[in-house]
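Data from final-v9.cif: mmCIF, C-alpha atoms
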```cif
data_run
#
loop_
_atom_site.label_atom_id
_atom_site.label_comp_id
_atom_site.auth_asym_id
_atom_site.auth_seq_id
_atom_site.Cartn_x
_atom_site.Cartn_y
_atom_site.Cartn_z
CA MET A 1 5.53 14.80 68.31
CA ARG A 2 6.31 17.91 66.25
CA VAL A 3 6.90 17.48 62.54
CA THR A 4 8.59 19.90 60.13
CA TRP A 5 9.20 19.61 56.40
CA SER A 6 11.92 21.75 54.82
CA ALA A 7 13.55 21.98 51.40
CA GLY A 8 14.77 18.66 50.09
CA PRO A 9 12.21 17.74 51.15
CA GLN A 10 13.64 16.93 54.55
CA LEU A 11 11.52 15.60 57.40
CA SER A 12 12.55 16.59 60.92
CA PHE A 13 10.67 15.63 64.04
CA ARG A 14 10.94 16.45 67.72
CA LEU A 15 9.58 14.24 70.44
CA ASP A 16 7.16 15.62 73.03
CA PRO A 17 7.79 14.81 76.72
CA GLU A 18 5.42 11.83 76.63
CA ASP A 19 6.99 10.32 73.49
CA GLU A 20 9.65 7.61 73.69
CA ILE A 21 12.60 6.54 71.56
CA THR A 22 11.57 2.90 71.92
CA GLY A 23 8.37 1.72 70.35
CA LYS A 24 6.65 -0.93 68.26
CA ALA A 25 5.58 -1.01 64.65
CA SER A 26 2.02 -1.98 63.76
CA ASP A 27 3.03 -5.66 63.65
CA GLU A 28 4.30 -5.37 67.26
CA HIS A 29 7.96 -5.59 66.20
CA PRO A 30 10.12 -3.58 68.68
CA ILE A 31 12.19 -0.74 67.23
CA LYS A 32 14.41 2.02 68.62
CA LEU A 33 14.93 5.52 67.26
CA ALA A 34 18.38 6.53 66.01
CA ILE A 35 18.01 9.97 64.46
CA ASN A 36 15.18 12.44 64.03
CA SER A 37 15.57 13.52 60.42
CA CYS A 38 15.51 12.04 56.93
CA THR A 39 15.17 13.18 53.35
CA ILE A 40 12.99 12.00 50.47
CA GLY A 41 14.28 12.76 47.01
CA GLY A 42 12.70 12.61 43.58
CA VAL A 43 9.42 14.12 44.75
CA PRO A 44 7.83 17.57 44.35
CA GLU A 45 7.71 20.01 47.25
CA ASP A 46 4.13 21.16 46.73
CA ALA A 47 2.12 18.05 47.64
CA HIS A 48 -1.20 18.32 49.44
CA PRO A 49 -0.69 18.78 53.21
CA ASP A 50 -2.53 15.52 53.95
CA LEU A 51 0.01 13.67 51.80
CA TYR A 52 2.87 15.26 53.75
CA ALA A 53 1.13 14.28 56.98
CA VAL A 54 0.66 10.61 56.07
CA ALA A 55 4.21 10.36 54.71
CA ALA A 56 5.50 11.72 58.02
CA TRP A 57 3.25 9.41 60.04
CA THR A 58 4.70 6.31 58.32
CA VAL A 59 8.02 7.34 59.87
CA VAL A 60 7.12 8.71 63.31
CA ALA A 61 4.12 6.57 64.32
CA PRO A 62 6.01 4.05 66.50
CA TRP A 63 7.37 6.77 68.79
CA THR A 64 4.30 9.03 69.05
CA ARG A 65 2.19 8.56 72.16
CA ARG A 66 -0.50 11.25 72.44
CA ARG A 67 -0.40 14.04 69.88
CA ILE A 68 1.25 15.15 66.65
CA THR A 69 1.65 18.72 65.45
CA PHE A 70 2.36 19.24 61.77
CA ASP A 71 3.94 22.33 60.24
CA ARG A 72 0.92 22.89 57.95
CA ALA A 73 -2.82 22.50 58.39
CA ILE A 74 -4.35 19.12 57.58
CA SER A 75 -7.94 18.19 56.77
CA ALA A 76 -10.47 17.33 59.45
CA GLU A 77 -10.94 13.95 57.80
CA LEU A 78 -7.26 13.08 58.15
CA ALA A 79 -7.18 14.25 61.77
CA GLU A 80 -10.20 12.03 62.44
CA ALA A 81 -8.49 9.01 60.86
CA LEU A 82 -5.43 9.50 63.06
CA HIS A 83 -7.58 9.82 66.15
CA ASP A 84 -9.80 6.85 65.36
CA GLY A 85 -6.86 4.63 64.42
CA TRP A 86 -4.26 5.53 67.02
CA GLY A 87 -5.95 7.75 69.58
CA ILE A 88 -3.64 10.59 68.48
CA GLU A 89 -4.67 14.23 68.55
CA ALA A 90 -3.49 15.73 65.27
CA GLY A 91 -3.39 19.30 64.03
CA PRO A 92 -3.57 22.05 63.12
CA VAL A 93 -6.78 21.41 61.18
CA GLY A 94 -7.90 23.68 58.38
CA ALA A 95 -7.11 22.23 54.94
CA GLU A 96 -9.59 20.92 52.42
CA ARG A 97 -9.58 17.15 52.02
CA ARG A 98 -7.58 15.77 49.09
CA ARG A 99 -9.77 14.04 46.54
CA PRO A 100 -8.56 10.73 45.07
CA GLY A 101 -6.88 10.88 41.70
CA ALA A 102 -7.78 8.69 38.74
CA ARG A 103 -4.71 6.43 38.51
CA LEU A 104 -3.32 3.39 40.26
CA ALA A 105 0.45 3.09 40.70
CA ILE A 106 2.43 0.05 41.83
CA SER A 107 4.85 0.35 44.73
CA TYR A 108 7.44 -1.67 42.85
CA SER A 109 10.19 -3.59 44.61
CA GLY A 110 11.08 -6.03 41.83
CA GLY A 111 10.33 -9.14 43.90
CA ALA A 112 8.02 -11.88 42.67
CA ASP A 113 5.01 -10.58 44.62
CA SER A 114 5.51 -7.05 43.33
CA VAL A 115 6.01 -8.25 39.75
CA ALA A 116 2.84 -10.34 39.96
CA ALA A 117 0.87 -7.29 41.11
CA ALA A 118 2.37 -5.25 38.28
CA THR A 119 1.44 -7.95 35.76
CA MET A 120 -2.21 -7.62 36.73
CA TYR A 121 -2.14 -3.91 35.82
CA PRO A 122 0.12 -3.59 32.75
CA GLN A 123 -0.64 0.13 32.31
CA ALA A 124 0.06 1.17 35.90
CA PRO A 125 3.15 3.31 36.52
CA PHE A 126 5.82 2.17 38.99
CA VAL A 127 7.12 4.01 42.03
CA HIS A 128 10.36 2.45 43.25
CA PHE A 129 11.83 3.24 46.68
CA ARG A 130 15.64 3.28 46.76
CA ARG A 131 17.58 3.46 50.01
CA VAL A 132 20.52 5.88 49.96
CA ASN A 133 23.10 6.52 52.65
CA HIS A 134 22.47 8.99 55.45
CA PRO A 135 25.01 11.84 55.70
CA ARG A 136 25.48 11.31 59.46
CA VAL A 137 24.66 7.66 60.16
CA PRO A 138 27.09 4.85 59.25
CA ASN A 139 25.78 2.21 56.85
CA ARG A 140 25.49 -1.03 58.80
CA TRP A 141 24.05 -2.87 55.80
CA PRO A 142 26.68 -2.40 53.07
CA HIS A 143 25.58 -5.66 51.40
CA TYR A 144 22.13 -4.19 50.63
CA ARG A 145 22.32 -3.53 46.85
CA SER A 146 19.61 -0.94 46.34
CA ASP A 147 21.45 0.22 43.22
CA VAL A 148 20.92 -3.17 41.58
CA LEU A 149 17.20 -3.13 42.31
CA ALA A 150 16.86 0.38 40.90
CA GLU A 151 18.71 -0.61 37.72
CA LEU A 152 16.43 -3.61 37.23
CA ALA A 153 13.34 -1.43 37.74
CA ALA A 154 14.62 0.91 35.01
CA ARG A 155 14.85 -2.04 32.59
CA THR A 156 11.17 -2.91 32.87
CA GLY A 157 10.19 -0.34 30.27
CA ARG A 158 7.31 0.85 32.45
CA GLU A 159 6.62 4.44 33.45
CA LEU A 160 8.90 4.75 36.48
CA SER A 161 9.47 7.20 39.32
CA VAL A 162 12.45 6.43 41.58
CA VAL A 163 12.26 7.83 45.08
CA THR A 164 15.49 8.07 47.05
CA SER A 165 15.47 8.22 50.82
CA ASP A 166 17.57 7.66 53.92
CA LEU A 167 14.50 7.26 56.15
CA GLU A 168 15.49 3.69 57.05
CA TYR A 169 18.40 5.08 59.06
CA THR A 170 15.96 6.53 61.57
CA LEU A 171 16.10 3.06 63.16
CA ALA A 172 18.85 2.21 65.64
CA GLU A 173 17.48 -1.25 66.39
CA PRO A 174 17.16 -3.86 65.14
CA ARG A 175 18.83 -2.56 61.94
CA PRO A 176 18.16 -0.04 59.15
CA GLY A 177 14.61 -0.50 57.94
CA TYR A 178 11.15 0.97 57.68
CA PRO A 179 9.76 2.31 60.97
CA GLU A 180 6.41 1.10 59.62
CA HIS A 181 5.98 -1.16 56.59
CA HIS A 182 4.02 1.70 55.02
CA ALA A 183 7.08 3.97 55.01
CA VAL A 184 8.01 2.40 51.67
CA ALA A 185 5.10 4.49 50.34
CA ALA A 186 6.34 7.84 51.71
CA GLY A 187 7.70 8.91 48.34
CA ALA A 188 4.69 7.62 46.41
CA LEU A 189 2.43 9.65 48.69
CA LEU A 190 4.36 12.83 47.92
CA LEU A 191 4.12 12.01 44.20
CA ALA A 192 0.37 11.36 44.34
CA ASP A 193 -0.68 14.80 43.08
CA ARG A 194 1.86 14.84 40.25
CA LEU A 195 0.89 11.31 39.14
CA ASP A 196 -2.85 11.82 39.77
CA LEU A 197 -2.97 8.82 42.09
CA GLY A 198 -6.08 7.51 43.74
CA GLY A 199 -4.60 4.17 44.68
CA LEU A 200 -1.24 2.58 45.42
CA GLY A 201 -0.79 -1.12 44.75
CA PHE A 202 1.45 -3.26 46.96
CA GLY A 203 2.70 -6.80 46.39
CA TYR A 204 1.46 -8.16 49.71
CA GLU A 205 -0.06 -11.58 49.13
CA MET A 206 -2.45 -13.85 51.00
CA GLY A 207 0.05 -14.76 53.71
CA SER A 208 0.60 -11.11 54.56
CA ARG A 209 -3.02 -10.00 54.24
CA TRP A 210 -5.11 -12.91 55.50
CA LEU A 211 -2.84 -15.39 57.31
CA GLY A 212 -1.21 -13.03 59.76
CA GLY A 213 2.06 -12.21 58.07
CA GLY A 214 5.47 -13.58 58.89
CA ARG A 215 6.46 -12.29 62.29
CA TYR A 216 3.55 -11.44 64.54
CA LEU A 217 0.57 -13.82 64.05
CA TRP A 218 0.02 -17.16 62.39
CA ARG A 219 -3.74 -17.28 62.06
CA PHE A 220 -6.54 -15.96 59.89
CA THR A 221 -6.61 -12.19 60.35
CA PRO A 222 -9.51 -10.55 58.51
CA ASP A 223 -8.92 -7.37 60.53
CA ASN A 224 -5.20 -7.22 59.79
CA PRO A 225 -4.23 -3.78 61.17
CA MET A 226 -1.74 -3.03 58.40
CA TRP A 227 -3.46 -4.08 55.18
CA ALA A 228 -7.21 -4.42 55.70
CA PRO A 229 -8.94 -1.50 53.94
CA HIS A 230 -11.10 -1.05 57.04
CA GLY A 231 -8.00 -1.14 59.28
CA ARG A 232 -6.41 2.01 60.65
CA TRP A 233 -3.77 2.29 57.92
CA GLY A 234 -6.29 1.61 55.19
CA ARG A 235 -8.58 4.32 56.52
CA LEU A 236 -5.69 6.78 56.88
CA PHE A 237 -4.48 6.32 53.29
CA ALA A 238 -8.06 6.60 52.03
CA ALA A 239 -8.51 9.84 53.95
CA ALA A 240 -5.54 11.21 51.99
CA GLY A 241 -7.12 10.11 48.71
CA VAL A 242 -4.64 7.25 48.06
CA HIS A 243 -6.30 3.90 48.66
CA ILE A 244 -4.17 0.90 49.61
CA VAL A 245 -4.69 -1.73 46.90
CA LEU A 246 -3.54 -5.35 47.19
CA PRO A 247 -3.84 -6.84 43.69
CA VAL A 248 -2.41 -10.20 44.82
CA GLY A 249 -3.82 -10.08 48.33
CA GLY A 250 -5.94 -13.17 47.68
CA VAL A 251 -3.27 -15.48 46.26
CA SER A 252 -0.31 -17.31 47.74
CA GLU A 253 3.37 -16.84 47.05
CA ALA A 254 3.23 -19.94 44.88
CA VAL A 255 0.82 -18.10 42.58
CA THR A 256 2.79 -14.84 42.61
CA MET A 257 5.95 -16.81 41.82
CA ARG A 258 4.25 -18.52 38.88
CA LEU A 259 2.78 -15.28 37.57
CA ALA A 260 6.08 -13.41 37.93
CA LEU A 261 8.14 -16.08 36.18
CA GLY A 262 5.59 -16.19 33.35
CA SER A 263 5.36 -12.43 32.93
CA PRO A 264 7.16 -10.09 30.51
CA LEU A 265 9.07 -8.81 33.56
CA ARG A 266 10.61 -12.21 34.34
CA GLU A 267 14.16 -11.05 33.66
CA GLN A 268 13.81 -8.23 36.17
CA VAL A 269 12.53 -10.38 39.06
CA ARG A 270 14.87 -10.08 42.06
CA TRP A 271 13.99 -10.83 45.68
CA CYS A 272 17.56 -11.01 47.02
CA LEU A 273 19.09 -7.72 48.23
CA ARG A 274 22.63 -9.09 48.49
CA GLY A 275 23.59 -10.42 45.07
CA THR A 276 24.92 -8.33 42.16
CA GLY A 277 24.82 -10.53 39.06
CA GLY A 278 21.91 -12.47 40.53
CA PRO A 279 20.56 -13.72 43.85
CA CYS A 280 23.26 -14.58 46.41
CA ARG A 281 21.65 -18.04 46.91
CA VAL A 282 22.90 -18.33 50.51
CA CYS A 283 20.66 -15.95 52.49
CA GLY A 284 17.48 -16.99 54.25
CA LYS A 285 15.24 -15.28 51.73
CA CYS A 286 16.94 -17.01 48.81
CA LEU A 287 16.41 -20.37 50.50
CA TYR A 288 12.74 -19.69 51.13
CA LYS A 289 12.08 -18.42 47.60
CA GLU A 290 14.03 -21.32 46.09
CA LEU A 291 11.69 -23.73 47.88
CA ILE A 292 8.68 -21.97 46.39
CA GLN A 293 10.18 -21.76 42.89
CA ALA A 294 11.21 -25.42 42.95
CA ALA A 295 7.69 -26.37 44.02
CA VAL A 296 6.12 -24.32 41.24
CA GLU A 297 8.50 -25.79 38.66
CA ARG A 298 8.22 -29.33 40.09
CA ARG A 299 11.96 -29.83 40.28
CA PRO A 300 14.53 -30.70 42.99
CA LEU A 301 15.79 -28.00 45.31
CA ASP A 302 18.89 -26.20 43.97
CA THR A 303 20.73 -24.51 46.82
CA PRO A 304 24.20 -24.57 48.39
CA VAL A 305 22.62 -24.13 51.84
CA THR A 306 23.07 -27.16 54.11
CA ARG A 307 21.57 -28.10 57.45
CA ASP A 308 24.70 -26.77 59.11
CA SER A 309 24.24 -23.30 57.63
CA PRO A 310 23.13 -20.56 60.07
CA VAL A 311 20.22 -19.57 57.81
CA ALA A 312 18.84 -23.11 58.12
CA ARG A 313 18.59 -23.10 61.91
CA LYS A 314 15.01 -21.88 62.10
CA TRP A 315 13.85 -24.74 59.87
CA LEU A 316 15.39 -27.22 62.31
CA LYS A 317 13.20 -25.90 65.13
CA LYS A 318 9.60 -26.79 65.76
CA PRO A 319 6.90 -24.78 63.96
CA PRO A 320 5.20 -22.35 63.64
CA TYR A 321 7.29 -20.71 60.93
CA GLY A 322 6.85 -17.46 59.07
CA GLY A 323 5.31 -18.32 55.70
CA GLN A 324 4.35 -21.74 57.04
CA GLU A 325 1.69 -22.29 54.40
CA MET A 326 4.36 -22.05 51.71
CA ILE A 327 6.69 -24.39 53.55
CA GLN A 328 3.89 -26.96 53.53
CA TYR A 329 3.27 -26.29 49.84
CA GLY A 330 6.94 -26.91 49.05
CA LEU A 331 7.18 -30.04 51.20
CA ALA A 332 4.32 -31.56 49.19
CA ARG A 333 5.78 -30.80 45.75
CA VAL A 334 9.59 -30.69 45.67
CA PRO A 335 11.07 -34.03 44.57
CA GLY A 336 13.60 -35.41 47.05
CA ILE A 337 12.74 -32.83 49.70
CA GLU A 338 13.51 -35.38 52.43
CA ASP A 339 17.22 -35.22 51.53
CA THR A 340 17.47 -31.43 51.69
CA VAL A 341 17.78 -28.84 54.40
CA PHE A 342 13.99 -29.03 54.78
CA GLY A 343 14.01 -32.79 55.40
CA PRO A 344 13.58 -32.54 59.21
CA VAL A 345 10.54 -30.29 58.74
CA LEU A 346 8.65 -33.27 57.29
CA ASP A 347 8.44 -34.69 60.81
CA HIS A 348 6.10 -31.83 61.80
CA PHE A 349 3.60 -31.96 58.93
CA ASP A 350 1.49 -34.47 57.05
CA VAL A 351 0.96 -32.71 53.75
CA THR A 352 0.00 -33.73 50.25
CA GLU A 353 -0.58 -31.93 46.98
CA GLU A 354 -4.31 -32.27 47.57
CA SER A 355 -4.18 -30.84 51.10
CA THR A 356 -2.25 -27.80 49.88
CA SER A 357 -4.08 -27.24 46.57
CA TRP A 358 -6.05 -24.35 48.10
CA LEU A 359 -2.84 -22.32 47.80
CA GLU A 360 -3.16 -22.37 44.00
CA HIS A 361 -6.40 -20.36 43.87
CA CYS A 362 -7.64 -16.91 44.85
CA TYR A 363 -9.49 -16.15 48.07
CA PRO A 364 -12.58 -14.30 46.73
CA PRO A 365 -13.03 -11.68 49.50
CA ALA A 366 -9.64 -10.23 48.54
CA LEU A 367 -11.02 -9.10 45.19
CA GLY A 368 -13.91 -7.41 46.97
CA GLU A 369 -11.41 -5.27 48.88
CA ILE A 370 -9.98 -3.75 45.71
CA PRO A 371 -11.60 -0.35 45.06
CA GLU A 372 -14.31 -0.62 42.42
CA ARG A 373 -12.38 1.50 39.92
CA TRP A 374 -9.69 -1.20 39.61
CA ARG A 375 -11.57 -4.32 40.68
CA ALA A 376 -12.86 -5.56 37.33
CA GLU A 377 -9.38 -5.64 35.78
CA ALA A 378 -8.02 -7.69 38.68
CA ALA A 379 -11.02 -10.04 38.70
CA SER A 380 -10.70 -10.66 34.97
CA PHE A 381 -7.02 -11.45 35.32
CA VAL A 382 -7.63 -13.82 38.22
CA GLU A 383 -10.41 -15.62 36.35
CA ALA A 384 -8.17 -16.15 33.34
CA ASN A 385 -4.93 -17.03 35.12
CA VAL A 386 -5.66 -18.31 38.64
CA GLY A 387 -9.25 -19.25 39.42
CA LEU A 388 -11.28 -18.75 42.58
CA MET A 389 -11.30 -20.97 45.64
CA THR A 390 -14.10 -23.44 46.27
CA GLU A 391 -16.15 -23.20 49.46
CA ASP A 392 -13.96 -25.89 51.05
CA GLU A 393 -10.81 -23.99 50.11
CA VAL A 394 -12.23 -20.76 51.51
CA ARG A 395 -12.75 -22.59 54.81
CA ARG A 396 -9.07 -23.60 54.76
CA VAL A 397 -8.15 -19.94 54.74
CA GLU A 398 -10.66 -18.92 57.36
CA THR A 399 -9.69 -21.70 59.77
CA TRP A 400 -5.95 -21.20 59.32
CA GLY A 401 -4.14 -21.36 62.65
CA THR A 402 -7.08 -22.77 64.62
#
```
With the file now loaded, output its structure as structure tokens.
Amino acid sequence: MRVTWSAGPQLSFRLDPEDEITGKASDEHPIKLAINSCTIGGVPEDAHPDLYAVAAWTVVAPWTRRRITFDRAISAELAEALHDGWGIEAGPVGAERRRPGARLAISYSGGADSVAAATMYPQAPFVHFRRVNHPRVPNRWPHYRSDVLAELAARTGRELSVVTSDLEYTLAEPRPGYPEHHAVAAGALLLADRLDLGGLGFGYEMGSRWLGGGRYLWRFTPDNPMWAPHGRWGRLFAAAGVHIVLPVGGVSEAVTMRLALGSPLREQVRWCLRGTGGPCRVCGKCLYKELIQAAVERRPLDTPVTRDSPVARKWLKKPPYGGQEMIQYGLARVPGIEDTVFGPVLDHFDVTEESTSWLEHCYPPALGEIPERWRAEAASFVEANVGLMTEDEVRRVETWGT
């Protein structure tokens, strides 16, 4: 793989003979390359070469097989992280390593998990990624309202940098999206010098960090390849002086929902990418989040989705499900759940409020993964607003999926 950055900045890449246009992201999801260029706007053009290298790698990693050649020298430490993590030979080598900055920023999407992370660090600036159309690739997702999300981010009153990019159009299949989950951070990486960043906070919660995520594993995953600080992505970001930080990595989506709805940013919370004046209420994500919100608020489910709706089909199949721990949490707490679209799911689980109470507390090792500079603030917040798991609850996490 050969990578070039030009004015814009625009990323262009050319595959080597051993590279392929089909590949897999770090969570094993298959993807296919559509186009070999993208732009990232709202960022300076004089970032450290290691930051350019990691930003590029978040885009090209799935299609790179043996080596990557950048258009500027990178540090030996970054080359080592690429080799140790992916077996990739990277170069040329010759730059001094970038030292971490002093600040933590939040990669801010506006969803409940992201808002909860932002609430834990009220002084942290936001970096918001906004998808824009590609000049040569048709938009196959016209319902995706990135403009609405950007407008809501601007209303938060927080220090905000909006990054615009068409990098999601590099995917031909399955649809426009991030080649790697970490590509959402490409703009934040290029802003790291300007913002003096030493860490970037993401809204990934316990299900994503410790319980395997939603689409590739459903078991306890302490060595999660995407989000563990000792995993290959964690080591790569650290080598570039921008540590991956998961402020809510030890709590469930029930907790992030509660924190988000109780935060000063409540009016800006939006997890649906389809609605304009509010969530569309009929997509799969709206249904899932409505279950969680109804459980947190101890009220009946409020949704127009019926068992005949296409988005309900996966809940009529046998488990496992993505986000299964939260389905169980909702089944145990939503009044009248047996008469809703989730009614048939009750046949697969025997759950109670007591058996799912572990999802209301924080898994302690997650706090230990936060870099020391920002750990005390997170721990203090958790102590005051969430509470730590008991030994029995910790075992529930660590035996999940067995």
Restricting the calculation to all atoms listed in the file, which member of A:Val132, A:Leu171, A:Leu82, A:Ala240 is positioned closest to Ile40 of chain A?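 Checking each of A:Val132, A:Leu171, A:Leu82, A:Ala240 against Ile40 of chain A, counting all atoms listed in the file, the winner is A:Val132.
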Option closest in space to Asp350 of chain A, from A:Gln328, A:Thr390, A:Arg155, A:Val397 [counting all atoms listed in the file]: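 Result for the nearest residue to Asp350 of chain A: A:Gln328.
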Out of A:Ile31, A:Leu236, A:Gly231, A:Lys24, which residue has the shortest atom-to-atom distance to Ala79 of chain A when counting all atoms listed in the file? A:Leu236
Interatomic distance, atom CA of Asn36 of chain A to atom CA of Arg14 of chain A (Å, one decimal):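 Computing it gives 6.9 Å between the two atoms.
Of the residues under consideration (A:Glu159, A:Asp50, A:Glu297, A:Glu168), A:Asp50 shows the shortest atom-to-atom contact distance to Leu189 of chain A when counting all atoms listed in the file.
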Return the single residue from A:Val345, A:Val163, A:Val245, A:Leu78 that is closest to Ser146 of chain A, with distances computed using only C-alpha atoms. A:Val163
Residue with smallest distance to Ser380 of chain A - pool A:Ile68, A:Leu367, A:Val148, A:Ala95, counting all atoms listed in the file: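 Under the stated criterion, the closest residue is A:Leu367.
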Expanded to explicit residues, what is the PyMOL selection byres ((chain A and resi 260) around 10) for this file, as a list in words?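 Selection result, ordered by chain and number: Gly110, Gly111, Ala112, Asp113, Ser114, Val115, Ala116, Ala117, Ala118, Thr119, Ala254, Val255, Thr256, Met257, Arg258, Leu259, Leu261, Gly262, Ser263, Pro264, Leu265, Arg266, Glu267, Gln268 and Val269 of chain A.
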Distance query 12 Å from (5.3, 14.8, 45.0) using only C-alpha atoms, result as an MDAnalysis selection string: chainID A and resid 8:9 40:52 55 127 161:163 185:197
Run the PyMOL selection byres ((chain A and resi 330) around 12) on the file and write out the hits as JSON, numbers by chain. {"A": [253, 254, 287, 288, 289, 290, 291, 292, 293, 294, 295, 296, 297, 298, 299, 300, 301, 323, 324, 325, 326, 327, 328, 329, 331, 332, 333, 334, 335, 336, 337, 338, 340, 342, 343, 345, 346, 349, 351, 352, 353, 355, 356, 357, 359]}
Apply the PyMOL selection byres ((chain A and resi 310-314) around 7) to the file shown and report the selected residues as a ChimeraX atom specification. /A:283-284,307-309,315-317,341
